file data-v5.cif (mmCIF, C-alpha atoms (C1' of nucleotides))
data_structure
#
loop_
_atom_site.label_atom_id
_atom_site.label_comp_id
_atom_site.auth_asym_id
_atom_site.auth_seq_id
_atom_site.Cartn_x
_atom_site.Cartn_y
_atom_site.Cartn_z
CA MET A 22 79.78 89.22 118.27
CA LEU A 23 82.17 91.98 119.05
CA ARG A 24 85.77 91.20 118.61
CA ILE A 25 89.09 92.40 119.78
CA SER A 26 92.18 91.52 117.81
CA LYS A 27 94.54 88.77 118.82
CA LEU A 28 97.22 91.31 119.51
CA THR A 29 95.00 93.01 122.03
CA ASP A 30 94.42 89.69 123.63
CA TYR A 31 98.14 89.00 123.74
CA GLY A 32 98.78 92.47 125.07
CA THR A 33 96.41 91.80 127.92
CA MET A 34 98.25 88.61 128.70
CA ILE A 35 101.46 90.57 128.84
CA LEU A 36 99.98 93.09 131.22
CA VAL A 37 98.71 90.30 133.41
CA HIS A 38 102.15 88.79 133.41
CA LEU A 39 103.70 92.07 134.48
CA ALA A 40 101.12 92.47 137.21
CA VAL A 41 101.78 89.00 138.54
CA GLN A 42 105.52 89.48 138.46
CA ALA A 43 105.24 92.79 140.31
CA ARG A 44 103.18 91.01 142.89
CA GLY A 45 106.08 88.69 143.37
CA ALA A 46 104.40 85.52 142.30
CA LYS A 47 107.69 83.94 141.55
CA ASP A 48 109.57 84.19 144.81
CA GLY A 49 106.91 85.55 147.08
CA VAL A 50 108.48 88.96 147.39
CA VAL A 51 106.33 91.89 146.39
CA ASP A 52 108.33 94.24 144.21
CA PRO A 53 106.49 96.76 142.06
CA GLU A 54 109.80 97.85 140.61
CA HIS A 55 110.57 94.43 139.26
CA LEU A 56 111.65 94.71 135.64
CA CYS A 57 110.82 92.03 133.12
CA SER A 58 112.72 91.79 129.87
CA ALA A 59 110.89 91.00 126.70
CA SER A 60 112.43 87.55 126.79
CA ASP A 61 111.10 87.00 130.29
CA VAL A 62 107.63 87.95 129.21
CA ALA A 63 107.84 85.81 126.09
CA SER A 64 108.80 82.72 127.99
CA GLY A 65 106.35 83.48 130.77
CA THR A 66 103.42 83.89 128.42
CA ARG A 67 104.62 81.44 125.79
CA LEU A 68 104.10 84.01 123.10
CA ALA A 69 106.61 84.49 120.31
CA LEU A 70 109.40 86.85 121.24
CA PRO A 71 109.07 89.23 118.27
CA THR A 72 105.40 89.62 118.95
CA VAL A 73 106.03 90.32 122.59
CA GLN A 74 108.67 92.88 121.71
CA LYS A 75 106.30 94.63 119.39
CA LEU A 76 103.52 94.77 121.93
CA LEU A 77 105.78 95.90 124.75
CA LYS A 78 106.92 98.75 122.59
CA VAL A 79 103.35 99.85 122.15
CA LEU A 80 102.70 99.50 125.84
CA ALA A 81 105.82 101.44 126.78
CA ARG A 82 104.57 104.35 124.73
CA SER A 83 101.31 104.31 126.61
CA GLU A 84 100.75 105.35 130.17
CA LEU A 85 100.44 101.81 131.33
CA VAL A 86 103.98 100.51 131.19
CA ARG A 87 107.35 102.07 131.83
CA SER A 88 110.60 100.88 130.39
CA VAL A 89 114.27 100.99 131.33
CA ARG A 90 116.77 100.75 128.55
CA GLY A 91 120.15 99.17 128.54
CA SER A 92 121.56 96.16 130.21
CA GLU A 93 119.50 95.00 133.16
CA GLY A 94 116.65 97.00 131.71
CA GLY A 95 113.14 95.85 131.08
CA TYR A 96 109.49 96.66 131.51
CA ALA A 97 107.21 97.16 134.47
CA LEU A 98 103.73 98.45 135.07
CA ALA A 99 103.66 102.21 135.46
CA ARG A 100 100.67 102.18 137.77
CA ASN A 101 98.93 100.01 140.25
CA PRO A 102 97.01 97.25 138.47
CA ALA A 103 93.89 98.22 140.37
CA THR A 104 93.89 101.57 138.59
CA ILE A 105 94.22 100.21 135.07
CA THR A 106 90.89 99.47 133.48
CA ALA A 107 90.01 97.16 130.63
CA ALA A 108 88.79 100.17 128.69
CA GLU A 109 92.24 101.71 128.92
CA ILE A 110 93.88 98.53 127.76
CA LEU A 111 91.64 98.31 124.74
CA ASP A 112 92.28 101.94 123.95
CA VAL A 113 96.00 101.31 123.85
CA PHE A 114 95.80 98.50 121.35
CA GLU A 115 92.70 99.25 119.33
CA GLY A 116 92.65 103.00 119.51
CA PRO A 117 89.71 105.05 120.71
CA LEU A 118 87.50 103.69 117.96
CA SER A 119 83.87 103.10 118.62
CA ILE A 120 81.78 100.25 117.42
CA THR A 121 80.74 102.29 114.42
CA GLU A 122 82.80 104.87 112.66
CA CYS A 123 80.05 107.40 113.06
CA SER A 124 80.28 107.17 116.81
CA THR A 125 83.64 108.84 116.80
CA ALA A 126 83.72 112.56 116.97
CA ASP A 127 85.59 113.40 113.81
CA SER A 128 83.79 111.36 111.21
CA ARG A 129 81.19 112.67 108.87
CA CYS A 130 78.17 110.65 108.03
CA GLU A 131 77.19 110.72 104.39
CA LEU A 132 73.90 109.08 105.09
CA GLU A 133 72.43 111.32 107.70
CA ASP A 134 68.99 111.26 106.21
CA GLY A 135 68.86 107.52 105.95
CA CYS A 136 70.62 106.93 109.23
CA PRO A 137 68.48 107.75 112.23
CA THR A 138 70.39 105.36 114.43
CA GLY A 139 73.45 107.39 115.28
CA GLY A 140 72.29 108.37 118.70
CA ALA A 141 71.41 104.84 119.62
CA TRP A 142 74.77 103.42 118.61
CA GLN A 143 76.43 106.02 120.75
CA LYS A 144 74.26 104.98 123.62
CA ILE A 145 75.23 101.38 123.13
CA ASN A 146 78.82 102.44 122.90
CA ARG A 147 78.68 104.24 126.18
CA GLY A 148 77.10 101.26 127.81
CA ILE A 149 79.85 99.02 126.62
CA ARG A 150 82.46 101.42 127.78
CA GLY A 151 80.83 101.52 131.16
CA ALA A 152 81.17 97.79 131.45
CA LEU A 153 84.81 97.96 130.49
CA ASP A 154 85.50 100.66 133.04
CA GLU A 155 84.43 98.35 135.81
CA ILE A 156 87.10 95.74 135.23
CA THR A 157 90.66 96.45 136.25
CA LEU A 158 93.91 94.76 135.48
CA ALA A 159 94.00 93.63 139.07
CA ASP A 160 90.79 91.74 138.43
CA LEU A 161 92.28 90.16 135.37
CA ALA A 162 95.40 89.16 137.20
CA HIS A 163 93.64 87.57 140.12
CA PRO A 164 93.30 83.83 140.15
CA PRO A 165 90.15 82.97 138.32
CA ARG A 166 88.70 81.09 141.24
CA GLU A 167 87.65 84.35 142.81
CA PHE A 168 85.59 85.06 139.75
CA PRO A 169 82.12 83.78 139.10
CA LEU A 170 83.27 81.57 136.31
CA VAL A 171 80.56 80.60 133.94
CA ASP A 172 81.02 77.05 132.94
CA LEU A 173 79.76 76.97 129.40
CA SER A 174 80.32 73.32 128.80
CA GLY A 175 82.41 70.45 129.95
CA ARG A 176 85.35 71.68 127.96
CA SER A 177 87.98 74.15 128.87
CA SER A 178 86.45 77.49 128.18
CA ARG A 179 89.33 79.73 128.99
CA LEU A 180 90.98 82.05 126.62
CA ARG A 181 92.65 80.29 123.82
CA HIS A 182 96.00 81.63 122.91
CA ARG A 183 97.69 79.78 120.16
CA PRO A 184 101.40 80.36 120.51
CA PRO A 185 102.35 81.73 117.13
CA THR A 186 104.48 79.19 115.47
CA PRO A 187 107.89 80.69 114.95
CA GLY A 188 107.80 79.93 111.31
CA GLN A 189 110.60 80.41 108.92
CA GLY A 190 109.47 83.07 106.72
CA MET B 87 87.77 100.32 120.40
CA LEU B 88 85.38 97.54 119.65
CA ARG B 89 84.14 97.42 116.16
CA ILE B 90 81.29 96.02 114.23
CA SER B 91 81.66 95.62 110.50
CA LYS B 92 80.17 98.03 108.02
CA LEU B 93 77.82 95.35 106.83
CA THR B 94 76.39 95.02 110.32
CA ASP B 95 75.90 98.72 110.40
CA TYR B 96 74.17 98.64 107.03
CA GLY B 97 72.07 95.73 108.15
CA THR B 98 70.88 97.72 111.11
CA MET B 99 69.95 100.56 108.83
CA ILE B 100 67.92 98.16 106.76
CA LEU B 101 66.10 96.85 109.80
CA VAL B 102 65.34 100.37 110.88
CA HIS B 103 63.98 101.08 107.45
CA LEU B 104 61.71 98.06 107.61
CA ALA B 105 60.52 99.07 111.04
CA VAL B 106 59.72 102.57 109.91
CA GLN B 107 57.90 101.32 106.84
CA ALA B 108 55.85 98.91 108.88
CA ARG B 109 54.93 101.77 111.14
CA GLY B 110 53.48 103.48 108.10
CA ALA B 111 55.79 106.44 108.08
CA LYS B 112 55.14 106.94 104.43
CA ASP B 113 51.41 107.34 104.25
CA GLY B 114 50.50 107.39 107.87
CA VAL B 115 48.85 103.98 107.80
CA VAL B 116 50.23 101.38 110.16
CA ASP B 117 50.72 98.12 108.32
CA PRO B 118 52.99 95.48 109.85
CA GLU B 119 52.46 93.36 106.76
CA HIS B 120 53.90 95.95 104.44
CA LEU B 121 56.45 94.36 102.15
CA CYS B 122 59.50 96.23 100.97
CA SER B 123 61.44 95.06 97.96
CA ALA B 124 65.19 95.18 97.99
CA SER B 125 65.01 98.09 95.59
CA ASP B 126 62.73 99.97 97.95
CA VAL B 127 65.15 99.44 100.80
CA ALA B 128 68.12 100.43 98.68
CA SER B 129 66.60 103.70 97.62
CA GLY B 130 65.25 104.34 101.09
CA THR B 131 68.58 103.81 102.78
CA ARG B 132 70.75 105.05 99.91
CA LEU B 133 72.81 101.92 100.09
CA ALA B 134 73.95 100.07 96.97
CA LEU B 135 71.36 97.63 95.71
CA PRO B 136 73.61 94.54 95.55
CA THR B 137 74.71 95.13 99.09
CA VAL B 138 71.15 95.52 100.26
CA GLN B 139 70.15 92.33 98.45
CA LYS B 140 72.95 90.44 100.11
CA LEU B 141 72.07 91.66 103.57
CA LEU B 142 68.37 91.06 103.14
CA LYS B 143 69.12 87.49 102.20
CA VAL B 144 70.99 87.07 105.43
CA LEU B 145 68.22 88.68 107.39
CA ALA B 146 65.57 86.54 105.75
CA ARG B 147 67.36 83.44 106.95
CA SER B 148 67.30 84.73 110.47
CA GLU B 149 64.31 85.01 112.74
CA LEU B 150 64.13 88.73 112.30
CA VAL B 151 62.82 89.16 108.77
CA ARG B 152 60.39 87.21 106.66
CA SER B 153 60.29 87.23 102.89
CA VAL B 154 57.74 86.64 100.16
CA ARG B 155 59.03 85.48 96.84
CA GLY B 156 57.74 86.20 93.42
CA SER B 157 56.16 89.22 91.88
CA GLU B 158 54.82 91.65 94.43
CA GLY B 159 57.03 89.95 96.97
CA GLY B 160 59.42 91.58 99.37
CA TYR B 161 60.64 91.70 102.95
CA ALA B 162 59.08 92.63 106.25
CA LEU B 163 59.99 92.33 109.90
CA ALA B 164 58.99 88.99 111.33
CA ARG B 165 58.43 90.36 114.83
CA ASN B 166 57.54 93.52 116.60
CA PRO B 167 60.50 95.89 116.61
CA ALA B 168 60.18 96.25 120.36
CA THR B 169 61.09 92.57 120.76
CA ILE B 170 64.21 92.66 118.60
CA THR B 171 67.31 93.56 120.55
CA ALA B 172 70.60 94.97 119.39
CA ALA B 173 72.26 91.81 120.65
CA GLU B 174 70.14 89.73 118.32
CA ILE B 175 70.96 91.97 115.40
CA LEU B 176 74.66 91.66 116.03
CA ASP B 177 74.32 87.92 116.36
CA VAL B 178 72.75 87.70 112.93
CA PHE B 179 75.54 89.55 111.18
CA GLU B 180 78.60 88.82 113.27
CA GLY B 181 77.70 85.43 114.62
CA PRO B 182 77.64 84.51 118.29
CA LEU B 183 81.30 85.32 118.68
CA SER B 184 82.56 86.84 121.85
CA ILE B 185 85.20 89.45 122.17
CA THR B 186 87.78 86.71 122.46
CA GLU B 187 87.64 83.42 120.70
CA CYS B 188 87.97 81.55 123.91
CA SER B 189 84.87 83.01 125.44
CA THR B 190 82.87 80.79 123.19
CA ALA B 191 82.11 77.33 124.33
CA ASP B 192 83.83 75.18 121.78
CA SER B 193 87.35 76.54 121.80
CA ARG B 194 90.21 74.92 123.54
CA CYS B 195 92.94 76.75 125.37
CA GLU B 196 96.42 75.47 124.87
CA LEU B 197 97.94 77.77 127.44
CA GLU B 198 95.83 77.41 130.49
CA ASP B 199 98.66 78.15 132.86
CA GLY B 200 99.68 81.34 131.15
CA CYS B 201 96.17 82.59 130.78
CA PRO B 202 94.43 83.36 134.05
CA THR B 203 92.12 85.94 132.53
CA GLY B 204 89.34 83.82 131.15
CA GLY B 205 86.80 84.52 133.82
CA ALA B 206 87.25 88.24 133.61
CA TRP B 207 86.84 88.37 129.86
CA GLN B 208 83.62 86.51 130.24
CA LYS B 209 82.48 89.01 132.81
CA ILE B 210 83.26 91.81 130.41
CA ASN B 211 81.46 89.96 127.72
CA ARG B 212 78.39 89.58 129.82
CA GLY B 213 78.39 93.25 130.66
CA ILE B 214 78.54 94.18 127.03
CA ARG B 215 75.81 91.78 126.15
CA GLY B 216 73.69 93.19 128.91
CA ALA B 217 73.98 96.63 127.40
CA LEU B 218 73.04 95.30 124.01
CA ASP B 219 70.05 93.45 125.37
CA GLU B 220 68.55 96.67 126.61
CA ILE B 221 68.31 98.36 123.25
CA THR B 222 65.61 97.28 120.87
CA LEU B 223 65.03 97.90 117.21
CA ALA B 224 62.10 100.07 118.20
CA ASP B 225 64.51 102.26 120.09
CA LEU B 226 66.79 102.44 117.11
CA ALA B 227 63.94 103.37 114.83
CA HIS B 228 62.69 106.12 117.04
CA PRO B 229 64.08 109.62 116.90
CA PRO B 230 67.14 109.53 119.10
CA ARG B 231 66.03 112.33 121.33
CA GLU B 232 64.42 110.40 124.10
CA PHE B 233 66.23 107.27 124.94
CA PRO B 234 66.11 104.59 127.58
CA LEU B 235 69.05 104.58 129.89
CA VAL B 236 71.40 101.70 129.75
CA ASP B 237 72.09 100.35 133.16
CA LEU B 238 74.85 97.84 133.22
CA SER B 239 75.53 97.77 136.86
CA GLY B 240 74.34 94.23 137.02
CA ARG B 241 74.30 91.36 134.67
CA SER B 242 72.57 90.96 131.41
CA SER B 243 68.88 90.82 131.82
CA ARG B 244 67.15 88.75 129.26
CA LEU B 245 65.11 90.18 126.51
CA ARG B 246 63.13 93.01 127.89
CA HIS B 247 60.14 94.42 126.14
CA ARG B 248 60.03 98.13 126.00
CA PRO B 249 56.80 99.95 125.43
CA PRO B 250 57.06 102.09 122.32
CA THR B 251 58.42 105.41 123.34
CA PRO B 252 55.40 107.65 123.76
CA GLY B 253 57.34 110.73 122.81
CA GLN B 254 57.10 109.95 119.14
CA GLY B 255 54.59 111.73 117.01
"C1'" DG C 122 136.49 102.72 127.02
"C1'" DG C 123 134.50 98.49 125.12
"C1'" DG C 124 131.42 94.92 124.84
"C1'" DA C 125 127.11 92.86 126.05
"C1'" DT C 126 122.46 93.55 126.97
"C1'" DA C 127 118.06 95.32 126.06
"C1'" DC C 128 114.77 98.79 124.58
"C1'" DT C 129 113.16 102.04 120.15
"C1'" DG C 130 111.41 102.89 115.84
"C1'" DG C 131 109.95 101.58 111.72
"C1'" DA C 132 109.75 98.72 107.38
"C1'" DC C 133 108.19 94.69 105.39
"C1'" DT C 134 105.29 90.61 104.01
"C1'" DA C 135 102.17 86.69 104.08
"C1'" DA C 136 97.66 85.49 105.34
"C1'" DG C 137 93.12 86.42 106.39
"C1'" DA C 138 88.89 89.08 106.63
"C1'" DT C 139 85.89 92.42 104.48
"C1'" DA C 140 83.07 94.79 101.15
"C1'" DG C 141 81.01 94.72 97.13
"C1'" DT C 142 79.43 92.72 92.71
"C1'" DC C 143 77.51 89.38 89.69
"C1'" DC C 144 75.21 85.14 87.90
"C1'" DC C 145 71.76 81.75 87.66
"C1'" DA C 146 67.96 79.21 89.82
"C1'" DT C 147 63.36 79.43 91.79
"C1'" DA C 148 58.88 81.20 93.10
"C1'" DT C 149 54.71 83.99 92.26
"C1'" DA C 150 51.20 87.31 90.15
"C1'" DG C 151 48.81 88.57 86.30
"C1'" DC D 113 54.35 82.87 79.43
"C1'" DT D 114 56.46 86.91 81.16
"C1'" DA D 115 57.80 90.25 84.44
"C1'" DT D 116 59.10 90.71 88.99
"C1'" DA D 117 61.51 89.36 93.14
"C1'" DT D 118 63.80 86.48 96.30
"C1'" DG D 119 67.50 82.42 97.17
"C1'" DG D 120 72.02 80.73 97.13
"C1'" DG D 121 76.37 81.13 96.07
"C1'" DA D 122 80.78 82.25 93.67
"C1'" DC D 123 84.05 85.59 92.84
"C1'" DT D 124 87.50 89.34 93.49
"C1'" DA D 125 89.73 93.55 94.67
"C1'" DT D 126 91.02 95.81 98.87
"C1'" DC D 127 92.02 96.50 103.49
"C1'" DT D 128 93.50 94.85 107.93
"C1'" DT D 129 95.98 91.88 110.82
"C1'" DA D 130 99.70 89.12 112.55
"C1'" DG D 131 104.17 88.28 112.65
"C1'" DT D 132 109.08 89.04 111.55
"C1'" DC D 133 113.25 91.51 110.94
"C1'" DC D 134 116.73 95.20 110.88
"C1'" DA D 135 119.35 99.24 112.21
"C1'" DG D 136 119.77 102.53 115.97
"C1'" DT D 137 120.32 103.99 120.90
"C1'" DA D 138 120.81 103.77 125.87
"C1'" DT D 139 122.78 101.54 129.97
"C1'" DC D 140 125.40 98.36 132.90
"C1'" DC D 141 129.56 95.98 134.06
"C1'" DC D 142 134.20 94.82 133.57
#
call {"tool": "encode", "arguments": {"input": "data-v5.cif", "output": "structure tokens"}}
result
Amino acid sequence: MLRISKLTDYGTMILVHLAVQARGAKDGVVDPEHLCSASDVASGTRLALPTVQKLLKVLARSELVRSVRGSEGGYALARNPATITAAEILDVFEGPLSITECSTADSRCELEDGCPTGGAWQKINRGIRGALDEITLADLAHPPREFPLVDLSGRSSRLRHRPPTPGQG
Amino acid sequence: MLRISKLTDYGTMILVHLAVQARGAKDGVVDPEHLCSASDVASGTRLALPTVQKLLKVLARSELVRSVRGSEGGYALARNPATITAAEILDVFEGPLSITECSTADSRCELEDGCPTGGAWQKINRGIRGALDEITLADLAHPPREFPLVDLSGRSSRLRHRPPTPGQG
DNA sequence: GGGATACTGGACTAAGATAGTCCCATATAG
DNA sequence: CTATATGGGACTATCTTAGTCCAGTATCCC
């Protein structure tokens, strides 16, 4: 129906990984300052390293992730996961685009006469955004058991992330 | 942020056009049986004729539009616009896809351990769908002044019939 | 200071999706 | 039979996406 790109999906996985690491999932010690290198994240998420590097660069430029350069450097969340919303995450990766081009502020509609739907799409857009504002990264990073999981079928219905084959090319 | 394709947008315009025509906007006579040819729709919406033909074919195969072949044939809405939701419209053009591939039933996740976000994405998805279920084609076809509020505090309520907005006219 | 580590910025390409057009078959009215 | 319209696809340029790679810069540690 409505889609986000794979990269956005991967980026969310990365953020979840950072949140879990800050929580100290590995050794039980909570450390919000814990830095993860791109390699750490790649192995932790099983995503391809170049892809992870690319996405972390994007994240570091946003308000969501901070970076430390140099040896012993790495990435960490810039804010508490509970204050990072799904809407913000999507904005980082997909830009502030709306579901239709006309819903953005700076686009001109060449079909105004034949297009009496603009207002409605904007309404829909706001509704969607409202839904996305209600979910935080902390929610995403929590174990899924606490969530009302909808079992769609007998099969595994979790997110499918195909690890990009590190092809030669 | 989240995008629908241009074709979906065009398709919605076409549906709005059919709804307005059925309402008798042209000559003031309400006629739900009024057939519009693809050419009519193209000139009415100012979209290119081949594109309109393509989209009408898709619509005719759905439950939303019926068609009559042959001379004097054409297209008309198959149901009352108040019973056609935005979610249904998107389903016709974009398929029943969710915002992530894995939110659909028949996809398998190869990285279950690294992907603890499935439940949350589904929650987001449900919220979005709830917003889309609240808007009907009748709403889209009405002047956008007065509009029903989208409440997505809760979950998606099933198809909800809205009385035609009395403000029109 | 020098080397190793790790982020920064951007270019590049292969693959896929999208938008748009066109052709021919089929159905119906007159 | 002919004109009018829909039905079902095939087809192709174009854009977007996903993924990789390279050269540069900052920092730590010895």
call {"tool": "residues_around", "arguments": {"input": "data-v5.cif", "residues": "Val51 of chain A", "least_positions_apart": "6", "cutoff": "12 Å", "atoms": "all atoms listed in the file", "output": "list in words"}}
result
Ala40, Val41, Gln42, Ala43, Arg44 and Gly45 of chain A
call {"tool": "atom_distance", "arguments": {"input": "data-v5.cif", "atom1": "atom CA of Met34 of chain A", "atom2": "atom C1' of DC128 of chain C"}}
result
19.8 Å
call {"tool": "interface_residues", "arguments": {"input": "data-v5.cif", "of": "chain A", "to": "chain C", "cutoff": "6 Å", "atoms": "only C-alpha atoms (C1' of nucleotides)", "output": "count of residues only"}}
result
3
call {"tool": "closest_residue", "arguments": {"input": "data-v5.cif", "among": "A:Thr66, A:Thr104, A:Thr29, A:Ser83", "to": "chain D", "atoms": "all atoms listed in the file"}}
result
A:Thr29
call {"tool": "resolve_selection", "arguments": {"input": "data-v5.cif", "expression": "the PyMOL selection byres ((chain D) within 8 of (chain B))", "output": "MDAnalysis selection string"}}
result
chainID D and resid 115:119
call {"tool": "closest_residue", "arguments": {"input": "data-v5.cif", "among": "B:Ala173, B:Ile221, B:Cys122, B:Ile100", "to": "Ala134 of chain B", "atoms": "all atoms listed in the file"}}
result
B:Ile100
call {"tool": "atom_distance", "arguments": {"input": "data-v5.cif", "atom1": "atom CA of His163 of chain A", "atom2": "atom CA of Pro71 of chain A"}}
result
26.8 Å
call {"tool": "closest_residue", "arguments": {"input": "data-v5.cif", "among": "B:Val102, B:Ile210, B:Val144, B:Ala128", "to": "Ala227 of chain B", "atoms": "only C-alpha atoms"}}
result
B:Val102
call {"tool": "resolve_selection", "arguments": {"input": "data-v5.cif", "expression": "the PyMOL selection byres ((chain D and resi 129) around 10)", "output": "ChimeraX atom specification"}}
result
/A:26-28 /C:136-138 /D:127-128,130-131
call {"tool": "write_last_selection", "arguments": {"input": "data-v5.cif", "atoms": "C-alpha atoms (C1' of nucleotides)", "output": "PDB file, in the frame of the given file"}}
result
ATOM      1  CA  SER A  26      92.180  91.520 117.810  1.00  0.00           C
ATOM      2  CA  LYS A  27      94.540  88.770 118.820  1.00  0.00           C
ATOM      3  CA  LEU A  28      97.220  91.310 119.510  1.00  0.00           C
TER       4      LEU A  28
ATOM      5  C1'  DA C 136      97.660  85.490 105.340  1.00  0.00           C
ATOM      6  C1'  DG C 137      93.120  86.420 106.390  1.00  0.00           C
ATOM      7  C1'  DA C 138      88.890  89.080 106.630  1.00  0.00           C
TER       8       DA C 138
ATOM      9  C1'  DC D 127      92.020  96.500 103.490  1.00  0.00           C
ATOM     10  C1'  DT D 128      93.500  94.850 107.930  1.00  0.00           C
ATOM     11  C1'  DA D 130      99.700  89.120 112.550  1.00  0.00           C
ATOM     12  C1'  DG D 131     104.170  88.280 112.650  1.00  0.00           C
TER      13       DG D 131
END
call {"tool": "closest_residue", "arguments": {"input": "data-v5.cif", "among": "A:Glu84, A:Asp154, A:Asp52, A:Asp112", "to": "chain B", "atoms": "all atoms listed in the file"}}
result
A:Asp112
call {"tool": "atom_distance", "arguments": {"input": "data-v5.cif", "atom1": "atom CA of Asp95 of chain B", "atom2": "atom CA of Gly116 of chain A"}}
result
19.5 Å
call {"tool": "closest_residue", "arguments": {"input": "data-v5.cif", "among": "A:His55, A:Thr33, A:Ile120, A:Val62", "to": "chain B", "atoms": "only C-alpha atoms"}}
result
A:Ile120
call {"tool": "closest_residue", "arguments": {"input": "data-v5.cif", "among": "A:Ala152, A:Gly32, A:Thr157, A:Leu85", "to": "chain B", "atoms": "all atoms listed in the file"}}
result
A:Ala152
